[in-house]
file start.cif (mmCIF, C-alpha atoms and all ligand atoms)
data_query
loop_
_atom_site.label_atom_id
_atom_site.label_comp_id
_atom_site.auth_asym_id
_atom_site.auth_seq_id
_atom_site.Cartn_x
_atom_site.Cartn_y
_atom_site.Cartn_z
CA MET A 1 97.54 123.07 95.90
CA ARG A 2 100.60 125.22 96.27
CA VAL A 3 103.54 124.02 98.33
CA VAL A 4 104.62 126.95 100.52
CA ALA A 5 107.98 125.57 101.60
CA PHE A 6 109.16 122.05 102.10
CA ASP A 7 112.61 120.54 101.97
CA ALA A 8 111.25 117.26 100.60
CA GLY A 9 110.70 119.18 97.36
CA GLU A 10 107.44 119.38 95.48
CA LEU A 11 104.98 116.82 96.77
CA PRO A 12 102.64 115.09 94.39
CA ALA A 13 98.90 115.61 94.01
CA TYR A 14 96.95 112.67 92.65
CA LEU A 15 93.24 113.17 92.12
CA ASP A 16 91.19 115.98 90.61
CA GLU A 17 87.81 116.87 92.06
CA GLY A 18 86.09 114.15 90.06
CA GLY A 19 88.52 111.44 91.18
CA HIS A 20 90.46 111.31 87.90
CA LEU A 21 94.20 110.78 88.16
CA LEU A 22 95.85 114.15 87.48
CA PRO A 23 98.03 114.45 84.37
CA GLY A 24 101.55 113.32 85.21
CA ALA A 25 100.54 111.76 88.55
CA GLN A 26 101.79 108.29 89.29
CA ALA A 27 99.03 105.79 90.05
CA PRO A 28 98.95 105.03 93.78
CA ASP A 29 99.82 101.53 94.93
CA PRO A 30 96.60 99.49 94.40
CA ASP A 31 96.75 97.76 97.77
CA LEU A 32 97.24 101.08 99.59
CA ALA A 33 94.43 102.68 97.56
CA LEU A 34 92.01 99.91 98.54
CA ARG A 35 93.02 100.02 102.21
CA LEU A 36 92.58 103.80 102.34
CA TYR A 37 89.17 103.53 100.70
CA ARG A 38 87.95 100.82 103.06
CA GLN A 39 88.96 102.83 106.10
CA MET A 40 87.36 106.00 104.71
CA LEU A 41 84.15 104.10 103.99
CA LEU A 42 84.11 102.62 107.49
CA ALA A 43 84.58 106.09 108.96
CA ARG A 44 81.74 107.52 106.85
CA ARG A 45 79.34 104.73 107.78
CA LEU A 46 80.19 105.02 111.50
CA ASP A 47 79.76 108.78 111.29
CA ILE A 48 76.28 108.44 109.78
CA ARG A 49 75.34 105.93 112.46
CA CYS A 50 76.54 108.21 115.28
CA VAL A 51 74.40 111.08 113.97
CA ASN A 52 71.41 108.70 113.91
CA LEU A 53 72.13 107.52 117.46
CA GLN A 54 72.21 111.13 118.61
CA ARG A 55 68.88 111.81 116.89
CA GLN A 56 67.46 108.78 118.70
CA GLY A 57 68.62 110.22 122.03
CA ARG A 58 71.12 107.43 122.58
CA ILE A 59 74.19 109.65 122.53
CA GLY A 60 74.39 113.21 123.78
CA THR A 61 76.10 115.26 121.14
CA TYR A 62 78.28 114.34 118.20
CA PRO A 63 80.65 116.29 115.91
CA PRO A 64 80.38 114.75 112.41
CA ALA A 65 83.57 114.09 110.47
CA ALA A 66 81.94 113.49 107.06
CA GLY A 67 83.94 115.21 104.34
CA GLN A 68 87.18 115.18 106.33
CA GLU A 69 88.05 111.50 105.86
CA GLY A 70 90.66 112.31 103.21
CA VAL A 71 92.79 114.20 105.73
CA GLN A 72 92.15 111.97 108.69
CA ILE A 73 92.64 108.62 106.99
CA GLY A 74 95.48 109.80 104.75
CA ALA A 75 97.33 111.11 107.81
CA ALA A 76 96.57 108.24 110.21
CA MET A 77 97.50 105.54 107.72
CA ALA A 78 100.87 107.14 106.99
CA MET A 79 101.83 106.68 110.66
CA ALA A 80 103.94 103.85 112.07
CA GLN A 81 102.66 101.65 114.90
CA ALA A 82 104.88 103.38 117.49
CA ASP A 83 103.75 106.90 116.54
CA TRP A 84 101.22 108.73 118.70
CA LEU A 85 98.03 110.36 117.47
CA PHE A 86 96.67 113.46 119.23
CA PRO A 87 93.13 113.90 117.93
CA SER A 88 90.53 116.58 118.55
CA TYR A 89 86.83 115.83 118.98
CA ARG A 90 86.14 115.55 115.23
CA ASP A 91 88.90 113.04 114.56
CA GLY A 92 87.21 109.71 115.17
CA ALA A 93 88.00 108.62 111.62
CA ALA A 94 91.73 108.97 112.32
CA ALA A 95 91.44 107.29 115.73
CA ALA A 96 89.63 104.30 114.20
CA ALA A 97 92.31 104.00 111.53
CA ARG A 98 94.93 103.86 114.30
CA GLY A 99 93.13 100.95 115.98
CA MET A 100 90.82 102.63 118.47
CA PRO A 101 87.94 100.15 118.91
CA LEU A 102 84.74 101.39 117.28
CA ASP A 103 82.56 100.43 120.25
CA ALA A 104 84.78 102.48 122.57
CA MET A 105 84.34 105.51 120.34
CA VAL A 106 80.56 105.13 120.35
CA ALA A 107 80.76 104.71 124.14
CA TYR A 108 82.78 107.95 124.31
CA TRP A 109 79.93 109.92 122.76
CA MET A 110 77.54 108.20 125.15
CA GLY A 111 79.60 109.78 127.93
CA HIS A 112 81.20 106.53 129.05
CA PRO A 113 84.74 106.85 130.48
CA ARG A 114 85.93 103.66 128.76
CA GLY A 115 85.61 105.58 125.48
CA GLY A 116 88.60 107.70 126.49
CA ILE A 117 90.94 104.76 127.09
CA ALA A 118 92.95 103.31 124.22
CA PRO A 119 93.93 99.64 124.53
CA ALA A 120 97.63 98.89 125.12
CA GLY A 121 99.57 99.26 121.90
CA VAL A 122 97.03 101.68 120.39
CA ASN A 123 98.89 104.97 120.65
CA VAL A 124 95.96 107.34 120.58
CA PHE A 125 95.44 110.13 123.10
CA PRO A 126 91.90 110.96 124.24
CA PHE A 127 89.97 113.35 121.97
CA SER A 128 90.76 116.92 122.93
CA ILE A 129 87.52 118.81 123.51
CA PRO A 130 89.27 122.08 124.46
CA VAL A 131 90.30 123.62 121.15
CA GLY A 132 94.06 123.33 120.61
CA SER A 133 95.06 122.18 124.10
CA HIS A 134 96.48 118.94 122.68
CA ILE A 135 98.98 120.78 120.45
CA PRO A 136 101.52 121.38 123.28
CA HIS A 137 100.87 117.82 124.47
CA ALA A 138 101.93 116.51 121.04
CA ALA A 139 105.01 118.72 121.09
CA GLY A 140 105.94 117.48 124.57
CA MET A 141 105.43 113.83 123.67
CA ALA A 142 107.56 114.20 120.55
CA TRP A 143 110.31 115.90 122.53
CA ALA A 144 110.17 113.14 125.16
CA ALA A 145 110.51 110.50 122.42
CA ARG A 146 113.58 112.32 121.12
CA LEU A 147 115.14 112.54 124.60
CA ARG A 148 114.51 108.85 125.20
CA GLY A 149 115.88 107.89 121.81
CA GLU A 150 112.58 106.29 120.80
CA ASP A 151 111.67 106.01 117.16
CA ALA A 152 108.22 107.58 117.63
CA CYS A 153 106.65 110.70 116.18
CA ALA A 154 103.60 112.63 117.34
CA LEU A 155 100.88 113.59 114.89
CA CYS A 156 98.40 116.23 115.99
CA LEU A 157 95.11 116.94 114.20
CA PHE A 158 93.26 120.21 114.76
CA GLY A 159 91.07 122.73 112.95
CA ASP A 160 91.70 126.18 111.51
CA GLY A 161 90.08 127.73 114.59
CA ALA A 162 92.70 126.11 116.82
CA THR A 163 95.42 128.16 115.14
CA SER A 164 94.11 131.27 116.90
CA GLU A 165 94.75 129.72 120.30
CA GLY A 166 97.90 130.45 122.28
CA ASP A 167 98.43 126.69 122.52
CA PHE A 168 99.07 126.57 118.77
CA HIS A 169 101.86 129.15 119.06
CA GLU A 170 103.40 127.57 122.15
CA GLY A 171 103.25 124.05 120.78
CA LEU A 172 104.72 124.83 117.37
CA ASN A 173 107.39 127.13 118.74
CA PHE A 174 108.47 124.62 121.35
CA ALA A 175 108.50 121.71 118.91
CA ALA A 176 110.60 123.63 116.41
CA VAL A 177 113.14 124.87 118.99
CA MET A 178 113.50 121.32 120.37
CA ARG A 179 113.53 119.75 116.90
CA ALA A 180 110.81 117.44 118.14
CA PRO A 181 109.53 114.81 115.69
CA ALA A 182 106.00 116.18 115.47
CA VAL A 183 103.66 116.63 112.53
CA PHE A 184 100.95 119.25 112.96
CA VAL A 185 98.04 118.72 110.61
CA CYS A 186 95.54 121.56 110.39
CA GLN A 187 92.24 120.51 108.85
CA ASN A 188 91.20 123.77 107.25
CA ASN A 189 87.49 123.11 106.76
CA GLY A 190 86.73 126.79 106.28
CA TYR A 191 84.91 127.34 109.57
CA ALA A 192 85.29 127.32 113.34
CA ILE A 193 81.62 126.65 114.10
CA SER A 194 80.13 129.69 112.30
CA VAL A 195 83.35 131.75 112.07
CA PRO A 196 84.63 131.69 108.49
CA PHE A 197 88.32 131.29 107.72
CA ARG A 198 88.65 134.95 106.64
CA ARG A 199 87.62 136.05 110.14
CA GLN A 200 90.11 133.64 111.69
CA THR A 201 93.33 134.95 110.18
CA ALA A 202 94.56 137.59 107.78
CA ALA A 203 97.24 135.18 106.54
CA GLU A 204 96.63 133.76 103.07
CA HIS A 205 97.22 130.25 104.36
CA ILE A 206 97.73 128.62 107.77
CA ALA A 207 100.81 126.92 106.28
CA ALA A 208 102.47 130.33 105.90
CA LYS A 209 102.64 130.58 109.70
CA ALA A 210 105.21 127.77 109.77
CA ALA A 211 107.95 130.14 108.57
CA GLY A 212 107.62 132.15 111.78
CA TYR A 213 108.43 129.05 113.80
CA GLY A 214 111.28 127.92 111.59
CA MET A 215 109.64 124.81 110.27
CA PRO A 216 108.40 123.84 106.81
CA GLY A 217 104.74 124.49 106.05
CA LEU A 218 102.75 123.15 103.16
CA THR A 219 99.21 123.25 101.89
CA VAL A 220 97.69 120.11 100.41
CA ASP A 221 94.32 119.20 98.98
CA GLY A 222 92.84 117.47 102.01
CA ASN A 223 90.19 115.80 99.87
CA ASP A 224 92.89 113.96 97.92
CA VAL A 225 93.66 111.12 100.34
CA PHE A 226 96.71 110.02 98.35
CA ALA A 227 98.22 113.51 98.47
CA VAL A 228 97.65 113.74 102.23
CA HIS A 229 99.19 110.31 102.72
CA ALA A 230 102.29 111.27 100.72
CA ALA A 231 102.69 114.63 102.49
CA VAL A 232 102.32 113.16 105.97
CA ALA A 233 104.66 110.27 105.16
CA ALA A 234 107.31 112.79 104.03
CA ALA A 235 106.81 114.91 107.17
CA LEU A 236 107.08 111.86 109.44
CA ALA A 237 110.26 110.81 107.64
CA ARG A 238 111.69 114.29 108.29
CA GLY A 239 110.85 113.94 111.98
CA ARG A 240 112.43 110.50 112.21
CA ALA A 241 115.56 111.82 110.51
CA GLY A 242 115.99 114.39 113.32
CA LYS A 243 114.97 117.36 111.16
CA GLY A 244 112.16 118.50 113.45
CA PRO A 245 108.48 119.27 113.03
CA THR A 246 106.33 120.13 110.00
CA LEU A 247 103.05 122.01 109.65
CA ILE A 248 100.63 120.66 107.05
CA GLU A 249 97.47 122.55 106.15
CA ALA A 250 94.94 120.26 104.50
CA MET A 251 92.14 122.08 102.67
CA THR A 252 88.83 120.34 103.24
CA TYR A 253 85.18 120.92 104.15
CA ARG A 254 82.91 119.59 106.86
CA LEU A 255 79.83 118.38 105.01
CA GLY A 256 77.60 118.32 108.07
CA PRO A 257 77.00 120.62 111.02
CA HIS A 258 79.69 121.56 113.54
CA THR A 259 77.94 119.25 115.98
CA THR A 260 74.46 117.78 116.13
CA SER A 261 73.48 121.00 117.99
CA ASP A 262 74.44 123.25 115.07
CA ASP A 263 72.46 124.53 112.08
CA PRO A 264 74.97 125.40 109.33
CA SER A 265 72.26 126.91 107.10
CA ARG A 266 72.58 129.96 109.37
CA TYR A 267 76.06 130.67 107.99
CA ARG A 268 76.55 128.65 104.76
CA THR A 269 74.67 128.84 101.47
CA PRO A 270 73.15 125.80 99.74
CA GLU A 271 75.34 126.61 96.72
CA GLU A 272 78.51 126.48 98.79
CA GLU A 273 77.49 123.17 100.34
CA ALA A 274 76.59 121.64 96.97
CA GLY A 275 79.99 122.69 95.58
CA ALA A 276 81.72 121.06 98.54
CA ARG A 277 79.73 117.85 98.15
CA ALA A 278 80.93 117.59 94.56
CA ARG A 279 84.56 117.69 95.78
CA GLU A 280 84.19 115.38 98.77
CA PRO A 281 86.95 112.81 99.31
CA LEU A 282 85.17 109.45 99.56
CA GLY A 283 83.34 109.64 96.23
CA ARG A 284 86.59 110.70 94.60
CA VAL A 285 88.42 107.56 95.67
CA ALA A 286 85.44 105.39 94.70
CA ALA A 287 85.49 106.96 91.21
CA TYR A 288 89.24 106.44 90.95
CA LEU A 289 89.07 102.79 92.05
CA GLU A 290 86.26 102.08 89.62
CA ALA A 291 88.06 103.70 86.67
CA ALA A 292 91.29 101.86 87.57
CA GLY A 293 89.43 98.55 87.53
CA LEU A 294 90.20 97.97 91.22
CA LEU A 295 86.70 98.11 92.71
CA GLY A 296 83.49 98.01 90.69
CA ALA A 297 79.96 98.81 91.86
CA ALA A 298 79.16 95.26 93.02
CA ALA A 299 82.38 94.92 95.02
CA ARG A 300 81.79 98.36 96.52
CA ALA A 301 78.30 97.32 97.66
CA GLN A 302 79.79 94.17 99.19
CA LEU A 303 82.44 96.22 101.01
CA THR A 304 79.76 98.60 102.30
CA ALA A 305 77.80 95.65 103.71
CA GLU A 306 81.00 94.40 105.36
CA VAL A 307 81.84 97.69 107.08
CA ASP A 308 78.18 98.18 108.07
CA ALA A 309 78.33 94.83 109.87
CA GLU A 310 81.41 96.07 111.77
CA VAL A 311 79.59 99.26 112.72
CA ASP A 312 76.48 97.29 113.78
CA ALA A 313 78.55 95.07 116.05
CA ALA A 314 80.26 98.09 117.64
CA VAL A 315 76.98 99.90 118.27
CA THR A 316 75.38 96.75 119.75
CA GLU A 317 78.33 96.35 122.10
CA ALA A 318 78.34 100.01 123.16
CA LEU A 319 74.60 99.98 123.82
CA ALA A 320 74.83 96.76 125.85
CA ALA A 321 77.54 98.06 128.20
CA PRO A 322 76.39 98.97 131.73
CA PRO A 323 75.98 102.73 132.15
CA ALA A 324 78.88 104.72 133.52
CA ASP A 325 79.08 105.39 137.23
CA PRO A 326 78.78 109.17 137.73
CA GLY A 327 81.54 108.85 140.35
CA ASP A 328 83.94 107.90 137.55
CA ILE A 329 83.99 111.48 136.36
CA THR A 330 87.26 112.06 138.25
CA ALA A 331 88.53 108.47 138.06
CA PHE A 332 91.47 109.19 135.77
CA THR A 333 92.21 112.68 136.99
CA VAL A 334 93.99 112.11 140.29
CA ALA A 335 95.96 109.19 141.73
CA ASP A 336 93.34 107.89 144.18
CA GLY A 337 90.57 108.10 141.61
CA GLY A 338 89.31 111.34 143.14
CA ARG A 339 86.25 109.64 144.58
CA ALA A 340 84.92 110.50 148.00
CA ASP A 341 84.53 106.77 148.71
CA ALA A 342 87.96 105.78 147.34
C1 LIG B 401 89.48 126.43 124.38
C2 LIG B 401 88.13 126.31 123.78
N1 LIG B 401 87.48 127.43 123.38
C3 LIG B 401 86.25 127.35 122.81
C4 LIG B 401 85.66 126.11 122.64
C5 LIG B 401 84.28 126.02 121.97
N2 LIG B 401 84.49 125.48 120.62
C6 LIG B 401 84.31 124.17 120.37
S1 LIG B 401 84.66 123.78 118.80
C7 LIG B 401 85.06 125.38 118.41
C8 LIG B 401 85.51 125.74 117.02
C9 LIG B 401 86.76 125.08 116.61
O1 LIG B 401 86.96 125.22 115.24
P1 LIG B 401 88.17 124.55 114.49
O2 LIG B 401 89.39 124.58 115.34
O3 LIG B 401 88.27 125.17 113.15
O4 LIG B 401 87.77 123.01 114.36
P2 LIG B 401 86.50 122.34 113.68
O5 LIG B 401 85.42 122.31 114.72
O6 LIG B 401 86.15 123.11 112.47
O7 LIG B 401 86.91 120.94 113.36
C10 LIG B 401 84.91 126.19 119.52
C11 LIG B 401 85.17 127.64 119.53
C12 LIG B 401 86.36 124.97 123.09
N3 LIG B 401 85.88 123.73 122.95
N4 LIG B 401 87.59 125.10 123.63
#

call {"tool": "encode", "arguments": {"input": "start.cif", "output": "structure tokens"}}
result
Amino acid sequence: MRVVAFDAGELPAYLDEGGHLLPGAQAPDPDLALRLYRQMLLARRLDIRCVNLQRQGRIGTYPPAAGQEGVQIGAAMAMAQADWLFPSYRDGAAAAARGMPLDAMVAYWMGHPRGGIAPAGVNVFPFSIPVGSHIPHAAGMAWAARLRGEDACALCLFGDGATSEGDFHEGLNFAAVMRAPAVFVCQNNGYAISVPFRRQTAAEHIAAKAAGYGMPGLTVDGNDVFAVHAAVAAALARGRAGKGPTLIEAMTYRLGPHTTSDDPSRYRTPEEEAGARAREPLGRVAAYLEAAGLLGAAARAQLTAEVDAEVDAAVTEALAAPPADPGDITAFTVADGGRADA
């Protein structure tokens, strides 16, 4: 992928579409590679389970993240403990990697308010359902951290569709003017529901928009988790050094529907989907780890059983929780809980 402009210089790419290390690329740290893979696998298995739970009528609707784990895990795992994640509805993989309990995330999609509350020390904002409204929030939090002298950055994940919202403009402009330590990561998965990227913007790349705000913008292969990790780490380092925000456009593809209510065959061809499946990020890392002698087929099966047990435990816990009280709908909106009986 082409780097549009970045003062950290050319950033490395690591894996080709088949998961082979690119010529000239330095092998990623083995421990990091294994940790990234485990987290991606966990996210994929949880994602599959959530779709199944929705089909069983146990959760209402669900926006699958499959195919976007390279961006989400690469970005989330480049963050420091004190940094804050601002996710949108599709970013459960990133939230889990930042320590959001899996059972709480399942509860969220069951409509339970506890799903929107991160435990103390887990710096994850609630999923933003309104498209792009969390972008100014991330800018504001990053500015606040700068004013308070805290060593914390904000990282905001959103889709290509969000870049057509006024919130995108306001958030990026504000962050750049205030030199706020924010990293804006656009997951360009080619579609905003059924609207293809070419109907979203006439710009060649989302990253090109960064120039208009006076911040660096770069495009990375979002299905190369090592490249995303390196790019986000460099952008966070820029923020921490007082150099302001960065816009990263990660090229990826959502393998499933927009949500469990969507039928992507209405706007995507089987050929396009098959091509995307061949480039998907999880299989790439598995192929790399196997070729590097770091994780063979038997160890991979063992790891899959391990993460499945974690997912099972989370689902059991979420299903066992007492149902939400409908009166809680305003519980965290106003100071007195907003309840007529409060
Ligand atoms: C402000 C607002 N407008 C419209 C919607 C309805 N809506 C939900 S998701 C979506 C598309 C968003 O696409 P994109 O930003 O590319 O993210 P993706 O779903 O591809 O991850 C729209 C229009 C919404 N949730 N919020």

call {"tool": "residues_around", "arguments": {"input": "start.cif", "residues": "segment 88-94 of chain A", "least_positions_apart": "5", "cutoff": "10 Å", "atoms": "all atoms listed in the file", "output": "PyMOL selection string"}}
result
chain A and resi 39-44+46-47+62-66+68-77+99-100+102+105-106+109+124-135+156-159+162+187+254+258-259

call {"tool": "axis_aligned_box", "arguments": {"input": "start.cif", "around": "ligand LIG 401 (chain B)", "padding_each_side": "4 Å", "output": "AutoDock Vina command-line options"}}
result
--center_x 86.9 --center_y 124.3 --center_z 118.4 --size_x 13.2 --size_y 14.7 --size_z 19.9

call {"tool": "atom_distance", "arguments": {"input": "start.cif", "atom1": "atom CA of Asn188 of chain A", "atom2": "atom CA of Tyr253 of chain A"}}
result
7.3 Å

call {"tool": "atom_distance", "arguments": {"input": "start.cif", "atom1": "atom CA of Ala231 of chain A", "atom2": "atom CA of Leu11 of chain A"}}
result
6.5 Å

call {"tool": "closest_residue", "arguments": {"input": "start.cif", "among": "A:Ala207, A:Ala331, A:Cys153, A:Ala320", "to": "Lys243 of chain A", "atoms": "all atoms listed in the file"}}
result
A:Cys153

call {"tool": "closest_residue", "arguments": {"input": "start.cif", "among": "A:Ile206, A:Gly18, A:Ala82, A:Phe197", "to": "Gly121 of chain A", "atoms": "all atoms listed in the file"}}
result
A:Ala82

call {"tool": "residues_around", "arguments": {"input": "start.cif", "residues": "Ala80 of chain A", "least_positions_apart": "4", "cutoff": "12 Å", "atoms": "only C-alpha atoms", "output": "PyMOL selection string"}}
result
chain A and resi 75-76+84-85+97-99+121-123+151-155+232-233+236-237+240

call {"tool": "write_last_selection", "arguments": {"input": "start.cif", "atoms": "C-alpha atoms", "output": "mmCIF file, in the frame of the given file"}}
result
data_model
loop_
_atom_site.group_PDB
_atom_site.id
_atom_site.type_symbol
_atom_site.label_atom_id
_atom_site.label_comp_id
_atom_site.auth_asym_id
_atom_site.auth_seq_id
_atom_site.Cartn_x
_atom_site.Cartn_y
_atom_site.Cartn_z
ATOM 1 C CA ALA A 75 97.330 111.110 107.810
ATOM 2 C CA ALA A 76 96.570 108.240 110.210
ATOM 3 C CA TRP A 84 101.220 108.730 118.700
ATOM 4 C CA LEU A 85 98.030 110.360 117.470
ATOM 5 C CA ALA A 97 92.310 104.000 111.530
ATOM 6 C CA ARG A 98 94.930 103.860 114.300
ATOM 7 C CA GLY A 99 93.130 100.950 115.980
ATOM 8 C CA GLY A 121 99.570 99.260 121.900
ATOM 9 C CA VAL A 122 97.030 101.680 120.390
ATOM 10 C CA ASN A 123 98.890 104.970 120.650
ATOM 11 C CA ASP A 151 111.670 106.010 117.160
ATOM 12 C CA ALA A 152 108.220 107.580 117.630
ATOM 13 C CA CYS A 153 106.650 110.700 116.180
ATOM 14 C CA ALA A 154 103.600 112.630 117.340
ATOM 15 C CA LEU A 155 100.880 113.590 114.890
ATOM 16 C CA VAL A 232 102.320 113.160 105.970
ATOM 17 C CA ALA A 233 104.660 110.270 105.160
ATOM 18 C CA LEU A 236 107.080 111.860 109.440
ATOM 19 C CA ALA A 237 110.260 110.810 107.640
ATOM 20 C CA ARG A 240 112.430 110.500 112.210
#

call {"tool": "atom_distance", "arguments": {"input": "start.cif", "atom1": "atom CA of Pro196 of chain A", "atom2": "atom CA of Asp167 of chain A"}}
result
20.3 Å

call {"tool": "closest_residue", "arguments": {"input": "start.cif", "among": "A:Tyr108, A:Tyr14, A:Phe184, A:Tyr191", "to": "ligand LIG 401 (chain B)", "atoms": "only C-alpha atoms and all ligand atoms"}}
result
A:Tyr191

call {"tool": "closest_residue", "arguments": {"input": "start.cif", "among": "A:Ala250, A:Leu15, A:Ala292, A:Ala175", "to": "ligand LIG 401 (chain B)", "atoms": "all atoms listed in the file"}}
result
A:Ala250

call {"tool": "closest_residue", "arguments": {"input": "start.cif", "among": "A:Ala301, A:Ile193, A:Glu150, A:Ala241", "to": "Arg266 of chain A", "atoms": "all atoms listed in the file"}}
result
A:Ile193

call {"tool": "residues_near_point", "arguments": {"input": "start.cif", "point": "(104.5, 120.2, 105.6)", "cutoff": "7 Å", "atoms": "all atoms listed in the file", "output": "JSON list (two decimals) with C-alpha atoms, in the frame of the given file"}}
result
[["chain", "number", "residue", "atom", "x", "y", "z"],
["A", 6, "PHE", "CA", 109.16, 122.05, 102.10],
["A", 216, "PRO", "CA", 108.40, 123.84, 106.81],
["A", 217, "GLY", "CA", 104.74, 124.49, 106.05],
["A", 218, "LEU", "CA", 102.75, 123.15, 103.16],
["A", 231, "ALA", "CA", 102.69, 114.63, 102.49],
["A", 235, "ALA", "CA", 106.81, 114.91, 107.17],
["A", 246, "THR", "CA", 106.33, 120.13, 110.00],
["A", 247, "LEU", "CA", 103.05, 122.01, 109.65],
["A", 248, "ILE", "CA", 100.63, 120.66, 107.05]]

call {"tool": "closest_residue", "arguments": {"input": "start.cif", "among": "A:Gly116, A:Pro257, A:Gly111, A:Pro326", "to": "ligand LIG 401 (chain B)", "atoms": "only C-alpha atoms and all ligand atoms"}}
result
A:Pro257
